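K.L.:
Coordinates in coords-v2.txt, compact mmCIF, C-alpha atoms, are listed below.
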```
# COMPACT_ATOMS: atom_id res chain seq x y z
CA ASN W 1 30.03 25.27 -55.21
CA THR W 2 28.00 24.71 -58.38
CA SER W 3 28.16 20.90 -58.22
CA MET W 4 25.04 20.99 -56.02
CA LEU W 5 22.97 22.74 -58.73
CA ASN W 6 20.90 20.98 -61.36
CA ASN W 7 21.35 21.87 -65.06
CA GLY W 8 18.42 24.31 -65.13
CA GLN W 9 19.77 26.18 -62.13
CA LYS W 10 23.26 26.27 -63.64
CA ASN W 11 21.87 27.61 -66.93
CA ALA W 12 19.88 30.33 -65.18
CA LEU W 13 22.85 31.41 -63.07
CA GLU W 14 25.15 31.23 -66.09
CA SER W 15 22.78 33.46 -68.06
CA PHE W 16 22.63 35.93 -65.20
CA SER W 17 26.40 35.94 -64.69
CA CYS W 18 26.89 36.47 -68.45
CA PHE W 19 24.56 39.44 -68.20
CA MET W 20 26.83 40.70 -65.44
CA ILE W 21 29.74 40.59 -67.95
CA SER W 22 31.36 37.48 -66.61
CA THR W 23 32.31 34.31 -68.42
CA CYS W 24 31.17 31.71 -65.92
CA ILE W 25 29.63 31.16 -62.50
CA GLU W 26 32.90 30.13 -60.84
CA ARG W 27 34.79 33.26 -61.93
CA PHE W 28 31.98 35.67 -61.10
CA GLU W 29 32.92 37.98 -58.21
CA TRP W 30 30.05 37.03 -55.89
CA ASP W 31 31.55 38.83 -52.86
CA LYS W 32 31.20 42.17 -54.66
CA PHE W 33 27.70 41.36 -55.90
CA LEU W 34 26.13 39.97 -52.72
CA TYR W 35 25.27 43.35 -51.21
CA ALA W 36 21.52 43.94 -51.09
CA PRO W 37 21.45 47.30 -52.95
CA ILE W 38 23.76 46.07 -55.72
CA MET W 39 21.98 42.73 -56.04
CA LYS W 40 18.53 44.34 -56.17
CA ALA W 41 19.58 46.93 -58.76
CA MET W 42 21.27 44.39 -61.03
CA MET W 43 18.46 41.83 -60.77
CA SER W 44 15.88 44.52 -61.55
CA GLU W 45 17.88 45.65 -64.57
CA TYR W 46 18.37 42.05 -65.77
CA LEU W 47 14.64 41.29 -65.51
CA GLU W 48 13.70 44.60 -67.16
CA VAL W 49 15.95 43.91 -70.16
CA GLY W 50 13.96 40.72 -70.78
CA ILE W 51 14.63 37.87 -73.17
CA ILE W 52 16.89 39.00 -76.00
CA LYS W 53 17.19 37.27 -79.36
CA ASP W 54 19.18 38.61 -82.29
CA GLY W 55 19.88 41.81 -80.38
CA ARG W 56 16.28 42.75 -79.61
CA LYS W 57 13.83 42.07 -76.81
CA ILE W 58 11.35 39.36 -77.71
CA ASP W 59 9.60 38.86 -74.37
CA ASP W 60 9.53 39.72 -70.68
CA TYR W 61 10.65 37.25 -68.06
CA LYS W 62 7.76 35.45 -66.39
CA PRO W 63 7.14 35.96 -62.64
CA ALA W 64 8.25 32.38 -61.94
CA THR W 65 11.60 33.06 -63.64
CA ALA W 66 12.18 36.10 -61.45
CA ASP W 67 11.25 34.10 -58.34
CA ASN W 68 13.56 31.22 -59.29
CA LEU W 69 16.46 33.56 -59.98
CA TYR W 70 15.94 35.31 -56.64
CA ARG W 71 15.78 31.97 -54.75
CA MET W 72 18.96 30.74 -56.46
CA LEU W 73 20.83 33.96 -55.68
CA THR W 74 19.75 33.88 -52.03
CA GLY W 75 20.98 30.28 -52.00
CA VAL W 76 24.37 31.48 -53.23
CA ALA W 77 24.34 34.08 -50.45
CA GLU W 78 23.55 31.38 -47.87
CA HIS W 79 26.50 29.31 -49.12
CA HIS W 80 28.74 32.35 -48.76
CA TRP W 81 27.45 32.88 -45.22
CA LEU W 82 28.03 29.19 -44.37
CA ALA W 83 31.57 29.53 -45.73
CA GLU W 84 31.94 32.54 -43.42
CA ASN W 85 32.47 34.89 -46.38
CA MET W 86 29.66 37.22 -45.30
CA THR W 87 27.92 38.32 -42.12
CA VAL W 88 24.47 37.23 -41.04
CA GLU W 89 23.32 40.88 -41.28
CA ARG W 90 24.41 41.06 -44.91
CA LEU W 91 22.64 37.75 -45.60
CA GLN W 92 19.43 39.03 -44.00
CA ARG W 93 19.56 42.19 -46.14
CA VAL W 94 19.89 40.03 -49.26
CA LYS W 95 16.95 37.86 -48.14
CA ALA W 96 14.84 41.00 -47.53
CA ILE W 97 15.06 42.13 -51.17
CA LYS W 98 11.64 42.67 -52.76
CA LEU W 99 11.53 42.71 -56.55
CA ALA W 100 8.73 44.16 -58.65
CA ARG W 101 6.24 41.44 -59.48
CA GLY W 102 6.02 40.51 -63.10
CA SER W 103 2.73 39.92 -64.80
CA ARG W 104 1.40 37.29 -67.08
CA LYS W 105 -1.40 37.62 -69.60
CA SER W 106 -4.48 35.71 -68.55
CA SER W 107 -4.93 32.43 -70.35
CA GLY W 108 -8.61 32.99 -71.07
CA ARG W 109 -8.57 36.19 -73.09
CA TYR W 110 -11.76 37.00 -74.97
CA ILE W 111 -11.56 37.28 -78.74
CA HIS W 112 -14.05 39.66 -80.32
CA PHE W 113 -15.88 39.03 -83.58
CA HIS W 114 -13.71 41.55 -85.43
CA ASP W 115 -10.60 39.64 -84.21
CA TYR W 116 -12.12 36.42 -85.54
CA ASP W 117 -12.87 38.10 -88.87
CA MET W 118 -9.27 39.33 -89.12
CA ILE W 119 -7.98 35.80 -88.48
CA ILE W 120 -10.30 34.40 -91.15
CA ASP W 121 -9.08 37.07 -93.62
CA ILE W 122 -5.48 36.04 -92.97
CA ILE W 123 -6.38 32.36 -93.46
CA ASN W 124 -8.24 33.17 -96.71
CA SER W 125 -5.11 34.77 -98.14
CA HIS W 126 -3.26 31.43 -98.19
CA PRO W 127 -2.94 29.92 -101.69
CA ASN W 128 -3.61 26.30 -100.61
CA GLU W 129 -7.41 25.82 -100.59
CA ILE W 130 -7.32 22.65 -98.51
CA ARG W 131 -5.23 24.35 -95.84
CA VAL W 132 -7.66 27.29 -95.86
CA ILE W 133 -10.63 24.97 -95.20
CA ARG W 134 -8.75 23.08 -92.49
CA ASP W 135 -7.57 26.23 -90.69
CA LYS W 136 -11.00 27.87 -90.84
CA ALA W 137 -12.57 24.73 -89.36
CA LEU W 138 -10.00 24.67 -86.55
CA ILE W 139 -10.45 28.36 -85.72
CA SER W 140 -14.25 27.95 -85.83
CA CYS W 141 -14.03 25.04 -83.36
CA LEU W 142 -12.05 27.25 -81.01
CA PHE W 143 -14.18 30.35 -81.43
CA TYR W 144 -17.77 29.13 -81.84
CA LEU W 145 -17.69 25.81 -79.99
CA GLY W 146 -15.34 26.89 -77.19
CA LEU W 147 -13.03 23.93 -77.56
CA ARG W 148 -9.64 24.05 -75.89
CA ARG W 149 -6.45 24.00 -77.97
CA HIS W 150 -5.54 20.45 -77.00
CA GLU W 151 -9.11 19.30 -77.73
CA VAL W 152 -8.94 20.71 -81.27
CA VAL W 153 -5.48 19.27 -81.88
CA ASN W 154 -6.67 15.80 -80.83
CA LEU W 155 -9.90 15.82 -82.90
CA LYS W 156 -10.40 12.87 -85.23
CA LEU W 157 -12.98 12.49 -88.00
CA LYS W 158 -14.49 9.53 -86.09
CA ASN W 159 -15.29 12.00 -83.24
CA ILE W 160 -17.71 13.94 -85.46
CA ASP W 161 -21.32 12.82 -85.85
CA TRP W 162 -22.35 14.83 -88.93
CA GLU W 163 -25.99 13.71 -88.90
CA ALA W 164 -26.67 14.38 -85.20
CA GLY W 165 -24.48 17.52 -85.18
CA PHE W 166 -22.20 16.56 -82.28
CA ILE W 167 -18.44 16.44 -81.79
CA THR W 168 -17.19 14.12 -79.06
CA VAL W 169 -14.16 15.68 -77.39
CA VAL W 170 -11.89 14.39 -74.66
CA GLY W 171 -11.28 17.29 -72.28
CA LYS W 172 -9.63 17.91 -68.94
CA GLY W 173 -9.38 14.91 -66.69
CA ASN W 174 -9.77 12.61 -69.73
CA LYS W 175 -13.54 13.25 -69.63
CA GLU W 176 -15.60 12.90 -72.80
CA ARG W 177 -18.33 15.36 -73.68
CA ASP W 178 -20.51 15.96 -76.70
CA VAL W 179 -20.44 19.46 -78.15
CA PRO W 180 -23.35 20.35 -80.46
CA PHE W 181 -22.68 22.24 -83.67
CA ASP W 182 -24.55 23.55 -86.67
CA LEU W 183 -22.48 23.19 -89.83
CA ASP W 184 -24.17 26.19 -91.45
CA ASP W 185 -24.05 28.59 -88.49
CA ASP W 186 -20.94 27.59 -86.52
CA PHE W 187 -18.48 27.05 -89.35
CA ASN W 188 -17.42 29.74 -91.78
CA ILE W 189 -15.60 27.27 -94.03
CA TYR W 190 -16.72 28.14 -97.54
```
For the structure just supplied, provide its representation as structure tokens.
P.N.:
Amino acid sequence: NTSMLNNGQKNALESFSCFMISTCIERFEWDKFLYAPIMKAMMSEYLEVGIIKDGRKIDDYKPATADNLYRMLTGVAEHHWLAENMTVERLQRVKAIKLARGSRKSSGRYIHFHDYDMIIDIINSHPNEIRVIRDKALISCLFYLGLRRHEVVNLKLKNIDWEAGFITVVGKGNKERDVPFDLDDDFNIY
């Protein structure tokens, strides 16, 4: 019964059932699928294929997506068991499935100086000089001052004390801090 699922859960199950060459959740042949070896093989294949756009893989599924899909499918199996459509042994085998853990790139990757130089070269190739200056200032704030993305996005001119050489940023937990800078050394604008 899909009326108990929220829209996100329905979309995820619909996507998975479409992958299984079916047109909708209700018409999918769950009784044939809810055998542990079949379910594990098909889920592994689905997750390995990844996110497809315009016929090509654009990204892997995140670990949380794999976990959510597995929890939803075990929920479907539990509903089938409650409806007496499967045995408790078969349900336990489904619940015992272990999928390969996905991985996620760490959020704090280090950018080397040559990476920074490559980014600056790309920015310099833009024909709009004002955009070049703006983008180089933003990248320099990220790279040299260690500002977070949301801190750079929320910067205002009034937050910059040009004479004292400080930028006041509002960081995590809505806390303000002053970040010192040297216009000549920290910013490769011109």
K.L.:
What does the structure give for the distance between CA of Phe113 (chain W) and CA of Phe143 (chain W), in Å to one decimal?
P.N.:
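Between these atoms lies a distance of 9.1 Å.
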K.L.:
Find the residues around Leu5 (chain W) up to 12 Å (only C-alpha atoms counted), leave out those fewer than 2 positions away in its own chain, and share them as a ChimeraX atom specification.
P.N.:
/W:1-3,7-14,25,72-73,75-76
K.L.:
In Å to one decimal, how far is CA of Lys172 (chain W) from CA of Asn68 (chain W)?
P.N.:
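Result for CA of Asn68 (chain W) versus CA of Lys172 (chain W): 28.4 Å, one decimal.
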K.L.:
Would you mind listing what lies within 12 Å of Ala96 (chain W) as JSON, numbers by chain, with all atoms listed in the file counted and same-chain residues fewer than 3 positions away left out?
P.N.:
{"W": [35, 36, 37, 39, 40, 70, 71, 74, 89, 90, 91, 92, 93, 99]}
K.L.:
Convert the current residue selection to file output with C-alpha atoms, as a CSV table (one decimal), in the frame of the given file.
P.N.:
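Result file follows (again.csv):
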```
chain,number,residue,atom,x,y,z
W,35,TYR,CA,25.3,43.4,-51.2
W,36,ALA,CA,21.5,43.9,-51.1
W,37,PRO,CA,21.4,47.3,-53.0
W,39,MET,CA,22.0,42.7,-56.0
W,40,LYS,CA,18.5,44.3,-56.2
W,70,TYR,CA,15.9,35.3,-56.6
W,71,ARG,CA,15.8,32.0,-54.8
W,74,THR,CA,19.8,33.9,-52.0
W,89,GLU,CA,23.3,40.9,-41.3
W,90,ARG,CA,24.4,41.1,-44.9
W,91,LEU,CA,22.6,37.8,-45.6
W,92,GLN,CA,19.4,39.0,-44.0
W,93,ARG,CA,19.6,42.2,-46.1
W,99,LEU,CA,11.5,42.7,-56.6
```
K.L.:
Using Å and a single decimal, report how far CA of Asp178 (chain W) sits from CA of Asn159 (chain W).
P.N.:
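Straight-line distance from CA of Asn159 (chain W) to CA of Asp178 (chain W) works out to 9.3 Å.
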K.L.:
Missing atoms in region 52-65 of chain W should be modelled up to N, CA and C atoms and reported as a PDB file, in the coordinates of the input.
P.N.:
```pdb
ATOM      1  N   ILE W  52      16.318  38.386 -74.806  1.00  0.00           N
ATOM      2  CA  ILE W  52      16.890  39.000 -76.000  1.00  0.00           C
ATOM      3  C   ILE W  52      17.215  37.918 -77.025  1.00  0.00           C
ATOM      4  N   LYS W  53      16.821  38.163 -78.265  1.00  0.00           N
ATOM      5  CA  LYS W  53      17.190  37.270 -79.360  1.00  0.00           C
ATOM      6  C   LYS W  53      17.555  38.145 -80.550  1.00  0.00           C
ATOM      7  N   ASP W  54      18.687  37.840 -81.150  1.00  0.00           N
ATOM      8  CA  ASP W  54      19.180  38.610 -82.290  1.00  0.00           C
ATOM      9  C   ASP W  54      19.257  40.100 -81.976  1.00  0.00           C
ATOM     10  N   GLY W  55      19.658  40.425 -80.751  1.00  0.00           N
ATOM     11  CA  GLY W  55      19.880  41.810 -80.380  1.00  0.00           C
ATOM     12  C   GLY W  55      18.650  42.617 -80.036  1.00  0.00           C
ATOM     13  N   ARG W  56      17.473  41.980 -79.980  1.00  0.00           N
ATOM     14  CA  ARG W  56      16.280  42.750 -79.610  1.00  0.00           C
ATOM     15  C   ARG W  56      15.437  41.953 -78.624  1.00  0.00           C
ATOM     16  N   LYS W  57      14.675  42.694 -77.824  1.00  0.00           N
ATOM     17  CA  LYS W  57      13.830  42.070 -76.810  1.00  0.00           C
ATOM     18  C   LYS W  57      12.656  41.378 -77.473  1.00  0.00           C
ATOM     19  N   ILE W  58      12.472  40.094 -77.137  1.00  0.00           N
ATOM     20  CA  ILE W  58      11.350  39.360 -77.710  1.00  0.00           C
ATOM     21  C   ILE W  58      10.259  39.067 -76.684  1.00  0.00           C
ATOM     22  N   ASP W  59      10.612  39.146 -75.388  1.00  0.00           N
ATOM     23  CA  ASP W  59       9.600  38.860 -74.370  1.00  0.00           C
ATOM     24  C   ASP W  59      10.103  39.305 -73.004  1.00  0.00           C
ATOM     25  N   ASP W  60       9.169  39.448 -72.064  1.00  0.00           N
ATOM     26  CA  ASP W  60       9.530  39.720 -70.680  1.00  0.00           C
ATOM     27  C   ASP W  60       9.761  38.391 -69.981  1.00  0.00           C
ATOM     28  N   TYR W  61      10.517  38.440 -68.885  1.00  0.00           N
ATOM     29  CA  TYR W  61      10.650  37.250 -68.060  1.00  0.00           C
ATOM     30  C   TYR W  61       9.355  37.043 -67.296  1.00  0.00           C
ATOM     31  N   LYS W  62       8.970  35.794 -67.122  1.00  0.00           N
ATOM     32  CA  LYS W  62       7.760  35.450 -66.390  1.00  0.00           C
ATOM     33  C   LYS W  62       8.012  35.610 -64.891  1.00  0.00           C
ATOM     34  N   PRO W  63       6.962  35.821 -64.091  1.00  0.00           N
ATOM     35  CA  PRO W  63       7.140  35.960 -62.640  1.00  0.00           C
ATOM     36  C   PRO W  63       7.868  34.769 -62.018  1.00  0.00           C
ATOM     37  N   ALA W  64       7.588  33.566 -62.492  1.00  0.00           N
ATOM     38  CA  ALA W  64       8.250  32.380 -61.940  1.00  0.00           C
ATOM     39  C   ALA W  64       9.757  32.419 -62.201  1.00  0.00           C
ATOM     40  N   THR W  65      10.175  32.944 -63.339  1.00  0.00           N
ATOM     41  CA  THR W  65      11.600  33.060 -63.640  1.00  0.00           C
ATOM     42  C   THR W  65      12.271  34.009 -62.669  1.00  0.00           C
TER      43      THR W  65
END
```
